[in-house]
>>> print(open('protein_17.cif').read())   # mmCIF, C-alpha atoms
data_coords
loop_
_atom_site.label_atom_id
_atom_site.label_comp_id
_atom_site.auth_asym_id
_atom_site.auth_seq_id
_atom_site.Cartn_x
_atom_site.Cartn_y
_atom_site.Cartn_z
CA MET A 164 58.69 104.00 60.86
CA ASP A 165 60.34 103.19 64.17
CA LEU A 166 62.64 100.65 62.57
CA PHE A 167 65.80 102.70 62.60
CA SER A 168 65.12 105.14 65.44
CA THR A 169 65.25 102.65 68.32
CA SER A 170 67.91 100.24 69.49
CA ARG A 171 67.40 96.52 69.02
CA GLY A 172 68.62 93.29 70.56
CA THR A 173 71.57 91.30 69.26
CA GLY A 174 69.61 88.10 68.55
CA SER A 175 69.30 88.87 64.85
CA VAL A 176 73.02 89.49 64.47
CA ARG A 177 73.74 86.14 66.12
CA ILE A 178 71.51 84.48 63.53
CA LEU A 179 73.26 86.30 60.70
CA CYS A 180 76.70 85.37 62.04
CA GLN A 181 75.70 81.72 62.22
CA LEU A 182 74.40 81.88 58.64
CA ALA A 183 77.66 83.48 57.54
CA ALA A 184 79.71 80.80 59.30
CA GLU A 185 77.80 78.02 57.55
CA HIS A 186 78.76 79.57 54.23
CA GLY A 187 82.44 79.89 55.16
CA MET A 188 82.45 83.51 56.31
CA VAL A 189 84.05 84.05 59.71
CA ALA A 190 82.24 86.22 62.23
CA ALA A 191 85.04 88.78 62.23
CA ASP A 192 84.22 89.53 58.58
CA ALA A 193 80.48 89.50 59.23
CA LEU A 194 80.98 92.05 62.03
CA ARG A 195 83.53 94.23 60.25
CA ASP A 196 83.02 97.96 60.85
CA THR A 197 80.05 97.40 63.16
CA GLY A 198 81.63 98.09 66.54
CA ILE A 199 79.91 94.98 67.93
CA GLY A 200 82.15 93.08 70.36
CA ALA A 201 82.03 89.42 71.33
CA ASP A 202 80.87 90.18 74.88
CA GLN A 203 78.06 92.37 73.58
CA LEU A 204 77.01 89.81 71.00
CA ALA A 205 76.98 86.96 73.51
CA SER A 206 74.91 88.90 76.05
CA ALA A 207 71.20 88.07 76.16
CA ASP A 208 70.54 91.71 77.12
CA GLY A 209 72.87 93.27 74.57
CA GLU A 210 71.49 96.11 72.44
CA ILE A 211 72.79 97.71 69.27
CA ALA A 212 71.76 100.47 66.91
CA ALA A 213 69.82 99.51 63.79
CA GLN A 214 72.68 100.85 61.67
CA GLN A 215 74.98 98.27 63.22
CA GLU A 216 72.75 95.41 62.09
CA ILE A 217 72.46 97.05 58.67
CA GLN A 218 76.26 96.99 58.43
CA VAL A 219 76.23 93.26 59.26
CA VAL A 220 73.77 92.73 56.40
CA ARG A 221 75.99 94.78 54.10
CA ASN A 222 78.92 92.57 55.01
CA LEU A 223 76.93 89.44 54.23
CA VAL A 224 75.68 90.80 50.92
CA ALA A 225 79.21 91.82 49.95
CA GLY A 226 80.81 88.52 50.98
CA LEU A 227 78.03 86.04 50.20
CA GLY A 228 76.05 87.78 47.48
CA HIS A 229 76.74 84.83 45.20
CA VAL A 230 74.64 82.49 47.39
CA PRO A 231 71.18 82.12 45.77
CA GLY A 232 68.32 83.11 48.05
CA LEU A 233 70.55 84.14 50.96
CA GLY A 234 67.86 86.48 52.29
CA LEU A 235 65.23 83.74 52.23
CA GLU A 236 67.59 81.36 53.98
CA ALA A 237 68.19 83.95 56.67
CA GLY A 238 64.51 84.73 57.18
CA LEU A 239 63.54 81.10 57.74
CA ARG A 240 65.78 81.09 60.83
CA TYR A 241 63.66 83.68 62.63
CA HIS A 242 60.96 82.36 64.95
CA LEU A 243 58.56 84.05 67.33
CA SER A 244 60.84 83.10 70.22
CA THR A 245 63.63 85.06 68.49
CA TYR A 246 61.83 88.34 69.18
CA GLY A 247 61.36 88.00 72.92
CA ILE A 248 58.34 89.75 74.42
CA TRP A 249 57.22 91.09 71.02
CA GLY A 250 57.03 87.56 69.62
CA PHE A 251 55.16 86.34 72.69
CA ALA A 252 52.65 89.18 72.28
CA LEU A 253 51.97 87.95 68.73
CA LEU A 254 51.70 84.33 69.86
CA THR A 255 49.00 85.10 72.45
CA SER A 256 46.96 87.38 70.17
CA PRO A 257 43.30 86.42 69.60
CA THR A 258 43.37 86.81 65.79
CA TYR A 259 45.68 87.56 62.88
CA ARG A 260 44.18 91.03 62.75
CA ALA A 261 45.16 91.67 66.36
CA ALA A 262 48.63 90.30 65.67
CA ALA A 263 48.96 92.58 62.62
CA GLU A 264 48.10 95.59 64.79
CA ILE A 265 50.87 94.62 67.21
CA VAL A 266 53.30 94.23 64.32
CA GLU A 267 52.60 97.76 63.09
CA ARG A 268 52.45 99.37 66.50
CA PHE A 269 55.61 97.85 67.94
CA LEU A 270 57.62 96.98 64.82
CA GLY A 271 60.58 98.78 66.35
CA LEU A 272 60.89 95.88 68.82
CA SER A 273 61.44 93.40 65.99
CA PHE A 274 64.49 92.99 63.76
CA ALA A 275 62.65 94.06 60.62
CA LEU A 276 64.46 96.12 58.01
CA VAL A 277 61.30 96.86 56.03
CA GLY A 278 58.00 98.20 57.29
CA PHE A 279 54.79 96.16 57.53
CA ARG A 280 51.43 97.83 56.96
CA LEU A 281 48.02 96.13 56.71
CA GLU A 282 45.49 97.52 54.22
CA GLU A 283 41.98 96.21 53.48
CA LYS A 284 40.16 96.67 50.19
CA ASP A 285 37.59 94.82 48.05
CA GLY A 286 37.37 91.78 50.27
CA HIS A 287 41.12 91.35 50.44
CA ALA A 288 43.80 92.27 52.89
CA ARG A 289 47.16 93.52 51.71
CA MET A 290 50.27 93.30 53.84
CA VAL A 291 52.49 95.98 52.35
CA LEU A 292 56.23 95.57 52.82
CA ASP A 293 57.41 99.17 52.84
CA ASP A 294 61.07 99.45 51.82
CA ALA A 295 61.12 103.23 51.35
CA GLU A 296 63.55 103.73 54.25
CA THR A 297 65.57 100.56 53.66
CA PRO A 298 69.05 101.30 52.22
CA PRO A 299 69.02 100.39 48.50
CA ASP A 300 72.15 98.23 48.67
CA ILE A 301 70.51 95.76 51.09
CA ARG A 302 66.89 96.19 49.97
CA GLN A 303 66.39 92.85 48.20
CA PHE A 304 68.07 90.89 51.00
CA ALA A 305 65.92 92.70 53.57
CA LEU A 306 62.71 92.04 51.62
CA GLU A 307 63.52 88.36 51.20
CA ARG A 308 64.54 87.93 54.82
CA ASP A 309 61.58 89.73 56.35
CA PHE A 310 59.13 88.03 53.95
CA ALA A 311 60.38 84.56 54.93
CA ALA A 312 60.32 85.56 58.61
CA TRP A 313 56.71 86.75 58.17
CA ARG A 314 55.75 83.37 56.71
CA ASN A 315 57.41 81.58 59.63
CA ALA A 316 55.51 83.74 62.10
CA THR A 317 52.12 83.01 60.50
CA LEU A 318 52.82 79.27 60.67
CA GLU A 319 53.71 79.48 64.34
CA LEU A 320 50.57 81.45 65.08
CA GLN A 321 48.40 78.89 63.28
CA PRO A 322 49.61 75.49 61.96
CA ARG A 323 48.15 76.00 58.48
CA GLY A 324 49.47 79.51 58.36
CA LEU A 325 48.14 82.47 56.44
CA LEU A 326 48.45 81.34 52.80
CA PRO A 327 48.71 84.29 50.42
CA GLU A 328 46.46 84.58 47.38
CA ALA A 329 49.13 86.57 45.57
CA VAL A 330 52.56 88.05 46.25
CA TYR A 331 54.27 90.94 44.49
CA PHE A 332 57.89 92.11 44.66
CA SER A 333 59.45 95.18 43.09
CA PHE A 334 62.79 93.54 42.31
CA PRO A 335 63.48 91.47 39.14
CA ARG A 336 62.67 87.76 39.04
CA PRO A 337 65.68 85.90 40.50
CA GLY A 338 66.93 82.52 39.31
CA TYR A 339 65.68 80.96 42.54
CA ALA A 340 62.08 82.18 42.19
CA ASP A 341 60.77 78.68 42.91
CA ARG A 342 62.04 79.04 46.48
CA PHE A 343 59.47 81.78 47.09
CA ALA A 344 56.67 79.51 45.90
CA GLU A 345 57.89 76.73 48.19
CA ILE A 346 57.74 79.10 51.16
CA CYS A 347 54.36 80.74 50.57
CA GLY A 348 52.48 78.43 48.18
CA VAL A 349 52.20 80.83 45.24
CA MET A 350 54.66 82.11 42.67
CA PRO A 351 55.21 85.84 43.21
CA GLU A 352 54.96 88.39 40.47
CA PHE A 353 58.27 90.24 40.17
CA ASP A 354 59.12 93.69 38.76
CA ALA A 355 55.90 94.90 40.38
CA GLY A 356 55.30 98.45 41.51
CA GLU A 357 55.30 97.53 45.19
CA ASN A 358 55.96 94.71 47.63
CA VAL A 359 52.65 93.20 48.76
CA ILE A 360 51.30 89.98 50.22
CA VAL A 361 47.61 89.57 49.37
CA ILE A 362 45.44 87.44 51.67
CA HIS A 363 41.68 86.92 52.02
CA ARG A 364 40.25 89.36 54.51
CA ASP A 365 38.11 86.71 56.27
CA ARG A 366 41.26 84.97 57.48
CA LEU A 367 42.18 87.98 59.59
CA ASP A 368 39.47 87.31 62.17
CA GLU A 369 39.96 83.57 62.59
CA PRO A 370 40.68 82.71 66.26
CA LEU A 371 44.25 81.67 66.94
CA PRO A 372 44.86 78.48 68.94
CA GLN A 373 47.26 79.96 71.49
CA ALA A 374 45.27 83.10 72.26
CA ASN A 375 45.41 84.12 75.90
CA PRO A 376 43.82 87.49 76.74
CA ALA A 377 45.48 87.93 80.15
CA THR A 378 48.93 87.03 78.86
CA ALA A 379 48.41 89.16 75.76
CA ARG A 380 47.60 92.22 77.91
CA MET A 381 50.71 91.64 80.03
CA CYS A 382 52.86 91.31 76.90
CA LEU A 383 51.44 94.50 75.40
CA ASP A 384 52.18 96.39 78.62
CA GLN A 385 55.76 95.18 78.50
CA CYS A 386 56.05 96.07 74.81
CA ARG A 387 54.89 99.61 75.59
CA GLN A 388 57.39 99.93 78.42
CA LEU A 389 60.26 98.54 76.37
CA MET A 390 59.47 100.78 73.41
CA SER A 391 59.29 103.79 75.71
CA ARG A 392 62.66 102.99 77.28
CA ARG A 393 64.33 102.52 73.91
CA ARG A 394 62.91 105.72 72.50
CA HIS A 395 63.92 107.68 75.59
CA ARG A 396 67.43 106.28 75.53
CA ASP A 397 67.89 106.71 71.83
CA GLY A 398 66.26 109.99 70.76
CA ILE A 399 68.75 112.40 69.23
CA ALA A 400 71.53 110.60 71.09
CA GLY A 401 70.64 107.41 69.23
CA ARG A 402 70.76 109.22 65.90
CA VAL A 403 74.15 110.67 66.80
CA ARG A 404 75.44 107.20 67.73
CA GLU A 405 74.28 105.82 64.37
CA GLN A 406 76.15 108.57 62.53
CA LEU A 407 79.26 108.02 64.60
CA PHE A 408 79.28 104.28 63.93
CA MET A 409 79.34 105.08 60.20
CA MET A 410 82.32 107.45 60.49
CA THR A 411 85.08 104.85 60.36
CA GLY A 412 88.46 106.15 59.27
CA GLN A 413 87.95 109.62 60.71
CA LEU A 414 87.72 111.01 64.20
CA PRO A 415 84.14 112.19 64.73
CA SER A 416 83.48 115.91 64.93
CA LEU A 417 80.44 117.77 66.19
CA GLU A 418 80.30 119.86 63.03
CA ARG A 419 80.33 116.89 60.65
CA THR A 420 77.74 115.02 62.70
CA ALA A 421 75.42 118.02 62.94
CA ALA A 422 75.64 118.50 59.17
CA ALA A 423 74.76 114.82 58.61
CA LEU A 424 71.69 115.28 60.82
CA ASN A 425 70.74 118.57 59.13
CA VAL A 426 70.87 120.62 62.33
CA SER A 427 73.17 123.35 63.57
CA THR A 428 75.93 122.53 66.04
CA ARG A 429 74.24 124.77 68.59
CA THR A 430 70.92 122.93 68.20
CA LEU A 431 72.62 119.54 68.45
CA ARG A 432 74.43 120.55 71.65
CA ARG A 433 71.17 121.78 73.17
CA GLN A 434 69.20 118.65 72.21
CA LEU A 435 71.86 116.34 73.62
CA GLN A 436 72.00 118.38 76.82
CA GLN A 437 68.23 117.94 77.18
CA GLU A 438 68.77 114.16 77.03
CA GLY A 439 71.44 114.36 79.71
CA THR A 440 74.46 113.70 77.52
CA SER A 441 76.92 115.46 75.22
CA PHE A 442 78.62 114.89 71.89
CA ARG A 443 81.95 114.30 73.59
CA VAL A 444 80.47 111.57 75.81
CA LEU A 445 78.74 109.84 72.88
CA ALA A 446 81.83 110.02 70.65
CA SER A 447 83.96 108.53 73.41
CA GLU A 448 81.44 105.72 73.99
CA VAL A 449 81.29 104.84 70.30
CA LEU A 450 85.06 104.91 69.81
CA GLU A 451 85.53 102.74 72.89
CA SER A 452 82.89 100.26 71.70
CA MET A 453 84.42 100.00 68.24
CA ALA A 454 87.93 99.67 69.65
CA GLU A 455 86.92 96.89 72.03
CA GLY A 456 85.06 95.12 69.24
CA MET A 457 88.09 95.19 66.95
CA LEU A 458 90.43 94.04 69.71
CA LEU A 459 88.23 91.11 70.71
CA THR A 460 86.91 89.98 67.33
CA THR A 461 89.82 90.52 64.95
CA ASP A 462 93.55 89.95 64.71
CA MET A 463 94.14 93.50 63.51
CA LYS A 464 97.33 95.15 64.71
CA LEU A 465 97.06 98.24 66.91
CA GLU A 466 98.26 100.38 64.04
CA GLU A 467 95.40 99.14 61.86
CA ILE A 468 92.79 99.70 64.58
CA ALA A 469 94.11 103.18 65.26
CA LEU A 470 93.89 104.01 61.57
CA ARG A 471 90.38 102.53 61.26
CA LEU A 472 89.21 104.72 64.16
CA GLY A 473 90.75 107.85 62.69
CA TYR A 474 93.86 108.24 64.85
CA SER A 475 96.94 109.47 62.99
CA GLU A 476 99.29 107.37 65.13
CA PRO A 477 99.01 104.37 67.48
CA ALA A 478 100.26 106.35 70.49
CA ALA A 479 97.21 108.61 70.41
CA PHE A 480 94.90 105.60 70.24
CA ILE A 481 96.70 103.84 73.09
CA HIS A 482 96.44 106.97 75.23
CA ALA A 483 92.72 107.27 74.52
CA PHE A 484 92.12 103.58 75.22
CA ARG A 485 93.88 103.81 78.59
CA GLY A 486 91.58 106.68 79.45
CA TRP A 487 88.50 104.57 78.63
CA THR A 488 89.45 101.30 80.29
CA GLY A 489 92.51 101.91 82.46
CA GLU A 490 94.41 99.33 80.38
CA ALA A 491 96.61 99.34 77.33
CA PRO A 492 94.91 97.85 74.24
CA GLY A 493 97.29 94.89 74.11
CA ALA A 494 96.76 94.04 77.77
CA TYR A 495 93.00 94.39 77.36
CA ARG A 496 93.04 91.92 74.45
CA ASP A 497 95.29 89.42 76.25
CA SER A 498 93.36 89.50 79.52
CA ARG A 499 89.96 88.72 78.04
CA SER A 500 90.32 84.95 78.02
CA GLY A 501 86.59 84.50 78.57
CA ALA A 502 85.83 86.68 75.58
CA ALA A 503 88.36 84.67 73.58
CA GLY A 504 86.38 81.52 74.37
CA VAL A 505 83.21 83.21 73.15
CA ARG A 506 85.04 84.22 69.98
CA ARG A 507 86.07 80.63 69.31
CA ARG A 508 82.53 79.35 69.78
CA LEU A 509 81.19 82.00 67.44
CA GLY A 510 83.86 81.33 64.84
CA TYR A 511 86.05 84.42 65.21
CA ASN A 512 89.30 82.45 65.36
#
>>> encode(input="protein_17.cif", output="structure tokens")
Amino acid sequence: MDLFSTSRGTGSVRILCQLAAEHGMVAADALRDTGIGADQLASADGEIAAQQEIQVVRNLVAGLGHVPGLGLEAGLRYHLSTYGIWGFALLTSPTYRAAAEIVERFLGLSFALVGFRLEEKDGHARMVLDDAETPPDIRQFALERDFAAWRNATLELQPRGLLPEAVYFSFPRPGYADRFAEICGVMPEFDAGENVIVIHRDRLDEPLPQANPATARMCLDQCRQLMSRRRHRDGIAGRVREQLFMMTGQLPSLERTAAALNVSTRTLRRQLQQEGTSFRVLASEVLESMAEGMLLTTDMKLEEIALRLGYSEPAAFIHAFRGWTGEAPGAYRDSRSGAAGVRRRLGYN
């Protein structure tokens, strides 16, 4: 799957932060240990690694796991417009089948945390929700969220939607099982061997009301270009960034990162050089991003930030931060009045 190998926009994280705020969780807690700053989150063009969004989900599950159906509630907030050009490509598709092909082909442009795969057999179509690569600790939330988002998408493609004939989930029946039936029209079977939405195959070829062949072709061209750019930019460098974002509390090392990626340090150096970068550059970028995020989205003291980033003493962190930005951390925090306003609107303060 391309889900975790390409960068993604920040729109999904904004939705998750809003959901968290409505349940009393401030954005600083929702964004803890993600390295996502207020400026980056507020930017329409901001991009993050998939692992950063996964950490946001982990924070929500840890802080709001007591809220029944939190994943379903999240998923119902996603609309085709949320996904940008990928959503518009779906909207202008001629049929559900064509839309399903776009989903599979360019799923990396969505915010999905589970895979989607269409299978056809015995007069039925099965949309398989593949959670094999989804981290186990967020798996049920991800399945619920992406299932509800799928249902929203089918309704926006066609007013009567794509009603399932049956739905199966691998996780145990929750106390809020009726919510699933309200969303999709049937009561799912839980504790199943896989996660599947069963629909009648004939529905796949029904014409969609907003089909537009010329616009669809243009959208597909843009999807191909965007996917290509994200893959090129991410590659091994993207995998290194994801590992570095997870190494809070310790200064990143080439050796530790190479071991996590199951390659030798020599191979990792060579692969990064081929992509026009180096481990030192990537480590510096990640540390700077995380430092700026903590300064602008939390009230943590410099000593705490330094410790969280792996520095043994604040002086070393301050020296490094001056090298990145030309400013001391305290001055950087105080001078970002615009970012402070964004933080207030998003619920950081």
>>> closest_residue(input="protein_17.cif", among="A:Asp196, A:Glu369, A:Asp384, A:Glu185", to="A:Leu325", atoms="only C-alpha atoms")
A:Glu369
>>> closest_residue(input="protein_17.cif", among="A:Val359, A:Ala311, A:Ile199, A:Ala295", to="A:Arg342", atoms="all atoms listed in the file")
A:Ala311
>>> resolve_selection(input="protein_17.cif", expression="the PyMOL selection byres ((chain A and resi 267) around 12)", output="list in words")
Met164, Asp165, Leu166, Trp249, Leu253, Arg260, Ala261, Ala262, Ala263, Glu264, Ile265, Val266, Arg268, Phe269, Leu270, Gly271, Leu272, Ser273, Ala275, Val277, Gly278, Phe279, Arg280, Leu281, Glu282, Met290, Val291, Leu292 and Asp293 of chain A
>>> axis_aligned_box(input="protein_17.cif", around="stretch 477-495 of chain A", padding_each_side="6 Å", output="AutoDock Vina command-line options")
--center_x 94.4 --center_y 101.3 --center_z 75.0 --size_x 23.8 --size_y 26.6 --size_z 27.0
>>> atom_distance(input="protein_17.cif", atom1="atom CA of A:Pro492", atom2="atom CA of A:Ser416")
23.3 Å
>>> closest_residue(input="protein_17.cif", among="A:Ala225, A:Ala446, A:Ala252, A:Ala201", to="A:Ala377", atoms="only C-alpha atoms")
A:Ala252
>>> resolve_selection(input="protein_17.cif", expression="the PyMOL selection byres ((chain A and resi 206-209) around 12)", output="list in words")
Ser170, Arg171, Gly172, Thr173, Gly174, Ser175, Val176, Arg177, Ile199, Gly200, Ala201, Asp202, Gln203, Leu204, Ala205, Glu210, Ile211, Ala212, Thr245, Tyr246, Gly247, Ala502 and Val505 of chain A
>>> residues_around(input="protein_17.cif", residues="A:Ala454", least_positions_apart="2", cutoff="9 Å", atoms="all atoms listed in the file", output="list in words")
Gly198, Gly200, Val449, Leu450, Glu451, Ser452, Gly456, Met457, Leu458, Leu459, Ile468, Ala469, Leu472, Phe484 and Pro492 of chain A
>>> atom_distance(input="protein_17.cif", atom1="atom CA of A:Gly338", atom2="atom CA of A:Pro299")
20.2 Å
>>> residues_around(input="protein_17.cif", residues="A:Pro351", least_positions_apart="2", cutoff="8 Å", atoms="all atoms listed in the file", output="tab-separated table (two decimals) with C-alpha atoms, keeping the file's coordinate frame")
chain	number	residue	atom	x	y	z
A	329	ALA	CA	49.13	86.57	45.57
A	330	VAL	CA	52.56	88.05	46.25
A	331	TYR	CA	54.27	90.94	44.49
A	332	PHE	CA	57.89	92.11	44.66
A	340	ALA	CA	62.08	82.18	42.19
A	343	PHE	CA	59.47	81.78	47.09
A	344	ALA	CA	56.67	79.51	45.90
A	349	VAL	CA	52.20	80.83	45.24
A	353	PHE	CA	58.27	90.24	40.17
>>> closest_residue(input="protein_17.cif", among="A:Phe408, A:Trp313, A:Phe334, A:Tyr339", to="A:Glu216", atoms="all atoms listed in the file")
A:Phe408
>>> closest_residue(input="protein_17.cif", among="A:Phe310, A:Tyr259, A:Phe442, A:Tyr474", to="A:Arg364", atoms="all atoms listed in the file")
A:Tyr259
>>> residues_around(input="protein_17.cif", residues="A:Val444", least_positions_apart="5", cutoff="12 Å", atoms="all atoms listed in the file", output="mmCIF file with C-alpha atoms, in the coordinates of the input")
data_model
loop_
_atom_site.group_PDB
_atom_site.id
_atom_site.type_symbol
_atom_site.label_atom_id
_atom_site.label_comp_id
_atom_site.auth_asym_id
_atom_site.auth_seq_id
_atom_site.Cartn_x
_atom_site.Cartn_y
_atom_site.Cartn_z
ATOM 1 C CA ALA A 400 71.530 110.600 71.090
ATOM 2 C CA VAL A 403 74.150 110.670 66.800
ATOM 3 C CA ARG A 404 75.440 107.200 67.730
ATOM 4 C CA LEU A 407 79.260 108.020 64.600
ATOM 5 C CA PRO A 415 84.140 112.190 64.730
ATOM 6 C CA LEU A 417 80.440 117.770 66.190
ATOM 7 C CA ARG A 432 74.430 120.550 71.650
ATOM 8 C CA LEU A 435 71.860 116.340 73.620
ATOM 9 C CA GLN A 436 72.000 118.380 76.820
ATOM 10 C CA GLY A 439 71.440 114.360 79.710
ATOM 11 C CA VAL A 449 81.290 104.840 70.300
ATOM 12 C CA LEU A 450 85.060 104.910 69.810
ATOM 13 C CA GLU A 451 85.530 102.740 72.890
ATOM 14 C CA TRP A 487 88.500 104.570 78.630
#
>>> residues_near_point(input="protein_17.cif", point="(90.8, 106.1, 61.4)", cutoff="7 Å", atoms="only C-alpha atoms", output="ChimeraX atom specification")
/A:411-414,469-474
>>> closest_residue(input="protein_17.cif", among="A:Arg366, A:Arg387, A:Arg433, A:Arg419", to="A:Ile399", atoms="all atoms listed in the file")
A:Arg433
>>> atom_distance(input="protein_17.cif", atom1="atom CA of A:Glu490", atom2="atom CA of A:Glu455")
11.5 Å
>>> resolve_selection(input="protein_17.cif", expression="the PyMOL selection byres ((chain A and resi 255) around 10)", output="ChimeraX atom specification")
/A:250-254,256-258,261-262,320,371-380,382
